[in-house]
>>> print(open('my_file39.txt').read())   # compact mmCIF, C-alpha atoms
# COMPACT_ATOMS: atom_id res chain seq x y z
CA MET A 37 14.45 13.88 -8.59
CA GLN A 38 16.94 11.02 -8.89
CA ASN A 39 17.80 9.85 -12.41
CA SER A 40 16.35 6.34 -12.46
CA ASN A 41 18.91 5.18 -15.02
CA ILE A 42 21.88 5.85 -12.74
CA HIS A 43 22.20 3.83 -9.55
CA ALA A 44 25.21 4.04 -7.25
CA LYS A 45 26.53 0.74 -5.98
CA ARG A 46 24.88 0.28 -2.59
CA HIS A 47 24.25 -2.22 0.14
CA PRO A 48 21.46 -2.45 2.72
CA SER A 49 22.13 -0.44 5.90
CA LYS A 50 19.12 -2.04 7.62
CA PRO A 51 17.88 -5.59 7.07
CA ALA A 52 14.96 -5.63 4.68
CA SER A 53 12.91 -8.26 2.88
CA LEU A 54 11.20 -7.75 -0.48
CA THR A 55 8.08 -9.75 -1.36
CA MET A 56 6.00 -9.69 -4.53
CA PHE A 57 2.46 -10.92 -3.91
CA LEU A 58 1.01 -12.02 -7.24
CA GLY A 59 -2.19 -13.71 -6.12
CA ARG A 60 -5.71 -12.71 -7.08
CA VAL A 61 -7.49 -10.57 -4.46
CA GLY A 62 -10.64 -8.93 -5.74
CA ASP A 63 -9.19 -8.29 -9.19
CA ARG A 64 -11.39 -7.19 -12.05
CA ASN A 65 -8.57 -7.30 -14.58
CA PRO A 66 -5.16 -9.05 -14.59
CA LEU A 67 -3.07 -5.88 -14.74
CA GLY A 68 -2.59 -5.52 -10.97
CA MET A 69 -1.12 -9.00 -10.59
CA LEU A 70 1.24 -8.29 -13.49
CA GLY A 71 1.96 -4.85 -12.09
CA SER A 72 3.00 -6.26 -8.71
CA LYS A 73 5.65 -8.37 -10.45
CA HIS A 74 6.78 -5.51 -12.68
CA LEU A 75 7.08 -3.11 -9.77
CA GLY A 76 8.70 -5.70 -7.49
CA GLU A 77 11.40 -6.48 -10.03
CA ALA A 78 12.14 -2.77 -10.46
CA LEU A 79 12.36 -2.30 -6.69
CA ALA A 80 14.68 -5.29 -6.45
CA LEU A 81 17.13 -3.56 -8.77
CA ARG A 82 16.82 -0.25 -6.97
CA ILE A 83 17.40 -1.52 -3.43
CA GLY A 84 19.54 -4.54 -4.25
CA LEU A 85 17.34 -7.29 -2.82
CA THR A 86 16.25 -10.63 -4.23
CA PRO A 87 12.46 -10.71 -4.13
CA ASN A 88 10.43 -13.51 -2.60
CA THR A 89 7.37 -14.41 -4.69
CA LEU A 90 4.05 -15.41 -3.15
CA GLY A 91 0.76 -16.26 -4.82
CA THR A 92 -0.10 -17.37 -8.32
CA PRO A 93 -1.90 -15.12 -10.81
CA ALA A 94 -5.36 -16.37 -11.73
CA PRO A 95 -8.17 -15.09 -13.97
CA PRO A 96 -10.16 -12.28 -12.33
CA LEU A 97 -13.49 -13.29 -10.81
CA SER A 98 -15.13 -9.84 -10.85
CA ALA A 99 -17.43 -11.08 -8.08
CA LYS A 100 -18.75 -9.70 -4.80
CA TRP A 101 -16.62 -9.46 -1.70
CA ASP A 102 -17.50 -12.81 -0.10
CA ILE A 103 -16.72 -14.86 -3.21
CA GLU A 104 -13.51 -12.91 -3.79
CA LEU A 105 -12.40 -13.30 -0.18
CA GLU A 106 -13.03 -17.03 -0.12
CA ALA A 107 -10.92 -17.46 -3.26
CA ALA A 108 -8.16 -15.20 -1.94
CA ARG A 109 -7.99 -16.49 1.64
CA PRO A 110 -5.27 -19.16 1.10
CA GLY A 111 -3.01 -16.59 -0.53
CA LEU A 112 -3.72 -14.02 2.15
CA THR A 113 -2.92 -16.58 4.85
CA ALA A 114 0.42 -17.29 3.17
CA LEU A 115 1.10 -13.56 2.92
CA SER A 116 0.35 -13.11 6.63
CA SER A 117 2.67 -15.96 7.55
CA SER A 118 5.47 -14.59 5.38
CA LEU A 119 5.15 -11.11 6.87
CA ALA A 120 5.17 -12.53 10.40
CA GLN A 121 8.40 -14.38 9.61
CA THR A 122 9.92 -11.15 8.31
CA PHE A 123 9.16 -9.38 11.59
CA GLU A 124 10.43 -12.38 13.56
CA ARG A 125 13.75 -12.07 11.71
CA GLY A 126 13.95 -8.40 12.64
CA GLU A 127 13.70 -7.29 9.01
CA ILE A 128 11.71 -4.46 7.44
CA PRO A 129 9.12 -5.75 4.95
CA VAL A 130 8.80 -4.17 1.52
CA THR A 131 5.83 -5.68 -0.33
CA THR A 132 4.22 -5.18 -3.73
CA LEU A 133 0.53 -6.06 -3.93
CA GLY A 134 -1.66 -6.23 -7.01
CA ARG A 135 -4.72 -4.90 -5.20
CA CYS A 136 -5.14 -3.12 -1.89
CA ALA A 137 -7.45 -5.89 -0.65
CA ALA A 138 -4.30 -7.93 -0.05
CA SER A 139 -3.72 -5.68 2.97
CA LEU A 140 -6.29 -7.83 4.77
CA GLY A 141 -3.33 -10.19 5.09
CA THR A 142 -0.71 -7.62 6.11
CA LEU A 143 -2.25 -5.04 8.45
CA PRO A 144 -3.23 -7.43 11.25
CA VAL A 145 0.35 -8.75 11.30
CA VAL A 146 1.74 -5.22 11.50
CA SER A 147 -0.65 -4.47 14.36
CA ARG A 148 0.44 -7.62 16.20
CA TYR A 149 4.18 -7.02 15.92
CA ARG A 150 4.21 -3.22 15.95
CA PRO A 151 1.12 -1.92 17.75
CA ASP A 152 3.01 1.35 18.28
CA ALA A 153 3.14 2.09 14.56
CA VAL A 154 0.78 4.39 12.68
CA VAL A 155 -0.50 2.98 9.40
CA VAL A 156 -0.17 5.75 6.81
CA TRP A 157 -2.69 4.82 4.10
CA PHE A 158 -2.23 6.69 0.80
CA ASP A 159 -5.34 6.04 -1.29
CA ALA A 160 -7.95 7.91 -3.32
CA HIS A 161 -10.53 5.96 -1.30
CA ALA A 162 -11.09 5.48 2.42
CA ASP A 163 -11.48 1.67 2.07
CA SER A 164 -13.47 1.50 5.31
CA ASN A 165 -16.96 0.39 4.30
CA LEU A 166 -18.74 -2.58 5.85
CA PRO A 167 -20.25 -5.47 3.85
CA SER A 168 -23.66 -4.44 5.16
CA THR A 169 -23.32 -0.86 3.94
CA SER A 170 -21.17 -1.17 0.83
CA GLU A 171 -23.12 -0.25 -2.29
CA SER A 172 -20.62 -1.88 -4.65
CA GLY A 173 -19.78 -5.00 -2.62
CA TYR A 174 -16.16 -4.52 -3.70
CA LEU A 175 -13.62 -6.26 -1.46
CA GLY A 176 -11.08 -3.47 -1.80
CA GLY A 177 -13.48 -1.03 -0.18
CA LEU A 178 -13.68 -3.09 3.03
CA VAL A 179 -9.99 -3.42 3.89
CA LEU A 180 -9.45 -1.22 6.94
CA THR A 181 -12.63 -2.29 8.72
CA GLY A 182 -11.89 -5.94 7.93
CA ALA A 183 -8.34 -5.68 9.26
CA ALA A 184 -9.81 -4.03 12.37
CA GLY A 185 -12.15 -6.99 12.91
CA LEU A 186 -15.32 -4.94 12.41
CA TRP A 187 -16.62 -7.69 10.14
CA HIS A 188 -15.67 -11.35 9.88
CA THR A 189 -12.93 -12.00 7.32
CA GLY A 190 -11.82 -15.45 8.48
CA LEU A 191 -8.40 -13.85 9.00
CA PRO A 192 -6.92 -12.20 12.09
CA GLY A 193 -7.95 -8.64 12.96
CA GLY A 194 -6.30 -6.32 15.44
CA LEU A 195 -5.84 -3.09 13.51
CA LYS A 196 -6.86 -0.04 15.54
CA LEU A 197 -8.56 2.50 13.30
CA HIS A 198 -7.31 5.36 15.45
CA ASN A 199 -3.79 4.27 14.42
CA VAL A 200 -4.61 4.87 10.74
CA VAL A 201 -3.92 8.12 8.90
CA LEU A 202 -5.59 8.37 5.51
CA VAL A 203 -3.68 10.49 3.00
CA GLY A 204 -5.17 11.86 -0.20
CA ALA A 205 -8.58 10.16 0.11
CA ARG A 206 -11.25 12.02 -1.84
CA ASP A 207 -13.77 9.41 -3.06
CA ILE A 208 -15.38 8.80 0.33
CA ASP A 209 -18.71 7.10 1.01
CA ALA A 210 -21.15 8.30 3.67
CA GLY A 211 -20.31 5.61 6.24
CA GLU A 212 -16.60 6.25 5.77
CA GLN A 213 -17.13 9.98 6.24
CA LEU A 214 -18.83 9.25 9.56
CA LEU A 215 -15.68 7.45 10.74
CA ILE A 216 -13.64 10.49 9.78
CA ASP A 217 -16.05 13.01 11.30
CA SER A 218 -16.13 11.03 14.56
CA LYS A 219 -12.31 10.97 14.57
CA GLN A 220 -12.14 7.20 14.44
CA LEU A 221 -10.08 7.73 11.28
CA MET A 222 -7.81 10.69 10.55
CA LEU A 223 -7.67 12.21 7.07
CA VAL A 224 -4.89 14.33 5.59
CA LYS A 225 -6.40 15.73 2.41
CA ALA A 226 -4.53 16.34 -0.82
CA GLY A 227 -3.60 19.95 -1.38
CA SER A 228 -1.19 22.60 -0.27
CA ASP A 229 1.01 22.00 2.77
CA LEU A 230 0.27 18.27 2.63
CA ALA A 231 3.75 17.39 3.89
CA GLN A 232 3.42 19.71 6.88
CA ARG A 233 -0.05 18.42 7.73
CA LEU A 234 1.18 14.83 7.42
CA ALA A 235 4.09 15.56 9.76
CA GLU A 236 1.65 16.92 12.34
CA ALA A 237 -0.60 13.86 11.98
CA ILE A 238 2.11 11.25 12.54
CA GLY A 239 4.24 13.08 15.09
CA ASP A 240 7.28 11.05 16.01
CA ARG A 241 5.54 7.66 15.81
CA PRO A 242 6.94 4.73 13.80
CA VAL A 243 5.21 4.40 10.42
CA TYR A 244 3.98 1.53 8.28
CA VAL A 245 3.35 3.00 4.84
CA HIS A 246 0.75 1.79 2.34
CA ILE A 247 0.74 3.37 -1.13
CA ASP A 248 -2.30 2.73 -3.32
CA CYS A 249 -1.27 4.18 -6.67
CA ASP A 250 -4.65 5.73 -7.36
CA VAL A 251 -3.81 8.31 -4.68
CA LEU A 252 -1.87 9.98 -7.50
CA GLU A 253 -3.41 12.26 -10.09
CA PRO A 254 -4.83 10.16 -12.94
CA GLY A 255 -2.30 9.65 -15.72
CA THR A 256 0.72 9.63 -13.40
CA VAL A 257 0.93 5.83 -13.36
CA PRO A 258 -1.63 3.33 -14.70
CA THR A 259 -4.36 2.44 -12.19
CA GLU A 260 -7.81 0.89 -12.42
CA TYR A 261 -9.51 3.83 -10.72
CA LEU A 262 -9.12 7.40 -11.96
CA VAL A 263 -10.08 9.94 -9.30
CA PRO A 264 -9.21 13.58 -10.09
CA GLY A 265 -7.64 15.78 -7.45
CA GLY A 266 -4.82 13.43 -6.51
CA LEU A 267 -1.23 13.87 -5.42
CA THR A 268 1.49 14.81 -7.86
CA VAL A 269 4.79 12.92 -7.94
CA ALA A 270 6.34 15.91 -6.19
CA ASP A 271 3.67 15.74 -3.46
CA LEU A 272 4.44 12.06 -2.91
CA GLN A 273 8.17 12.69 -2.74
CA GLN A 274 7.68 15.45 -0.17
CA ALA A 275 5.45 13.15 1.87
CA ALA A 276 8.04 10.37 1.64
CA THR A 277 10.69 12.80 2.88
CA VAL A 278 8.53 13.54 5.94
CA LEU A 279 7.89 9.86 6.61
CA ALA A 280 11.58 9.01 6.25
CA LYS A 281 12.33 11.11 9.34
CA ASN A 282 10.49 8.52 11.46
CA GLU A 283 11.21 4.87 12.05
CA LEU A 284 9.99 2.91 9.02
CA VAL A 285 8.26 -0.29 10.11
CA GLY A 286 7.42 -1.38 6.57
CA LEU A 287 6.32 -0.33 3.10
CA GLU A 288 3.71 -1.83 0.78
CA ILE A 289 2.63 -0.63 -2.66
CA SER A 290 -0.55 -1.68 -4.45
CA GLU A 291 -2.66 -0.94 -7.52
CA PHE A 292 0.18 -0.35 -9.98
CA GLN A 293 -1.09 -1.74 -13.27
CA ALA A 294 1.45 -3.22 -15.66
CA CYS A 295 0.37 -1.26 -18.71
CA TRP A 296 -1.71 1.68 -19.82
CA SER A 297 -5.19 0.54 -20.72
CA THR A 298 -5.50 3.33 -23.27
CA ASN A 299 -2.81 1.95 -25.57
CA GLY A 300 -1.55 -1.28 -24.03
CA MET A 301 1.98 0.08 -23.61
CA VAL A 302 4.04 -1.34 -20.76
CA ALA A 303 4.28 1.21 -17.96
CA SER A 304 7.46 2.21 -16.20
CA PRO A 305 7.36 2.20 -12.39
CA GLU A 306 10.45 4.41 -12.19
CA PRO A 307 8.64 7.75 -11.56
CA LEU A 308 6.85 6.11 -8.61
CA ILE A 309 10.05 4.56 -7.28
CA ASP A 310 11.90 7.87 -7.66
CA ALA A 311 9.21 9.60 -5.60
CA LEU A 312 9.60 7.00 -2.85
CA GLN A 313 13.40 7.22 -2.82
CA PRO A 314 13.53 9.02 0.56
CA LEU A 315 11.94 5.92 2.10
CA LEU A 316 13.90 3.44 0.03
CA SER A 317 17.15 5.14 0.99
CA LYS A 318 16.62 3.90 4.54
CA PHE A 319 17.61 0.46 3.22
CA LEU A 320 20.68 1.73 1.40
CA ALA A 321 24.13 3.12 2.08
CA ASP A 322 26.97 4.07 -0.22
CA GLU A 323 29.70 1.51 -0.35
>>> encode(input="my_file39.txt", output="structure tokens")
Amino acid sequence: MQNSNIHAKRHPSKPASLTMFLGRVGDRNPLGMLGSKHLGEALALRIGLTPNTLGTPAPPLSAKWDIELEAARPGLTALSSSLAQTFERGEIPVTTLGRCAASLGTLPVVSRYRPDAVVVWFDAHADSNLPSTSESGYLGGLVLTGAAGLWHTGLPGGLKLHNVVLVGARDIDAGEQLLIDSKQLMLVKAGSDLAQRLAEAIGDRPVYVHIDCDVLEPGTVPTEYLVPGGLTVADLQQAATVLAKNELVGLEISEFQACWSTNGMVASPEPLIDALQPLLSKFLADE
């Protein structure tokens, strides 16, 4: 894996735009908002881009989905507008998000500008509950169905669930499992031959890649949720190598917490960035 302390002098080979979204979106602690900034700044150094900052950190509400969504909607609207402008400029968006619920603002835009793309959703969870069936009422568990317009978010919809490939999901609720069993959602489970199974799932389609850091085995990077049975860093790098063979429509990373809750130490995002280097290299070329 690439030594994160040694970076060749590079320049973008494809136009890209880096955005750090720092707003509150269903947060139950402030570490995701801080983590988005921490990760975004590290990515900026790695790929040589000046990040655009959207959203203002705010104290977590720890409330149910409707209260959280109402508070987050202005920031999500700004995020949607910014992403649309990125596509209009013909650039590839790279976005850091504190929480995966912020994808309510990104996925409908991706679907509008690139309906041909498959959304590759790395996450320990399926994030496809409905408000009427969710036991927790957590906004982050309603993202894919909300972006698909299956419940009213007050934001655009348009995502087609059959264009979504879940990767590494293992904490799946009953209603979400029904979507998978009925083939409305595709799931590539963690485990052996993941890269090969992912390649078969995406074919030669363009990809928009979402990485929720809790897809990784607990302890790899700091995350709010700890779900055993996740991907290793090597698994993620192999998956990124597969994805890099296709056209990359965009990349977003969420749920990286700024520090380890066990000891309060600041966390390094470099192992995560190293694993994603096959994708990031699409923006780079040796000078």
>>> residues_around(input="my_file39.txt", residues="Pro93 in chain A", least_positions_apart="4", cutoff="10 Å", atoms="only C-alpha atoms", output="PyMOL selection string")
chain A and resi 57-61+66+68-70+134
>>> write_last_selection(input="my_file39.txt", atoms="C-alpha atoms", output="CSV table (one decimal), keeping the file's coordinate frame")
chain,number,residue,atom,x,y,z
A,57,PHE,CA,2.5,-10.9,-3.9
A,58,LEU,CA,1.0,-12.0,-7.2
A,59,GLY,CA,-2.2,-13.7,-6.1
A,60,ARG,CA,-5.7,-12.7,-7.1
A,61,VAL,CA,-7.5,-10.6,-4.5
A,66,PRO,CA,-5.2,-9.0,-14.6
A,68,GLY,CA,-2.6,-5.5,-11.0
A,69,MET,CA,-1.1,-9.0,-10.6
A,70,LEU,CA,1.2,-8.3,-13.5
A,134,GLY,CA,-1.7,-6.2,-7.0
>>> closest_residue(input="my_file39.txt", among="A:Leu133, A:Ile208, A:Leu312, A:Ile128", to="Arg150 in chain A", atoms="all atoms listed in the file")
A:Ile128
>>> closest_residue(input="my_file39.txt", among="A:Arg82, A:Glu291, A:Pro87, A:Asp250", to="Gly62 in chain A", atoms="only C-alpha atoms")
A:Glu291
>>> residues_around(input="my_file39.txt", residues="range 266-268 of chain A", least_positions_apart="6", cutoff="10 Å", atoms="all atoms listed in the file", output="VMD selection string")
chain A and resid 158 to 160 203 to 206 225 to 227 230 249 to 254 256 274 to 275 311
>>> closest_residue(input="my_file39.txt", among="A:Val257, A:Val200, A:Ala52, A:Gly190", to="Met301 in chain A", atoms="all atoms listed in the file")
A:Val257
>>> atom_distance(input="my_file39.txt", atom1="CA of Gly185 in chain A", atom2="CA of Val155 in chain A")
15.7 Å
>>> residues_around(input="my_file39.txt", residues="Leu143 in chain A", least_positions_apart="3", cutoff="9 Å", atoms="all atoms listed in the file", output="PyMOL selection string")
chain A and resi 116+139-140+146-148+155+180+183-184+193-195
>>> closest_residue(input="my_file39.txt", among="A:Tyr149, A:Ile289, A:His198, A:Ala280", to="Leu316 in chain A", atoms="all atoms listed in the file")
A:Ala280
>>> residues_around(input="my_file39.txt", residues="Ala237 in chain A", least_positions_apart="2", cutoff="9 Å", atoms="all atoms listed in the file", output="ChimeraX atom specification")
/A:201,222-224,232-235,239
>>> atom_distance(input="my_file39.txt", atom1="CA of Tyr244 in chain A", atom2="CA of Lys281 in chain A")
12.8 Å
>>> residues_around(input="my_file39.txt", residues="Val179 in chain A", least_positions_apart="2", cutoff="10 Å", atoms="all atoms listed in the file", output="list in words")
Cys136, Ala137, Ala138, Ser139, Leu140, Gly141, Leu143, Ala162, Asp163, Ser164, Asn165, Leu166, Tyr174, Leu175, Gly176, Gly177, Thr181, Gly182, Ala183, Ala184, Gly185 and Thr189 of chain A
>>> residues_near_point(input="my_file39.txt", point="(10.1, -1.5, -17.0)", cutoff="7 Å", atoms="only C-alpha atoms", output="count of residues only")
5
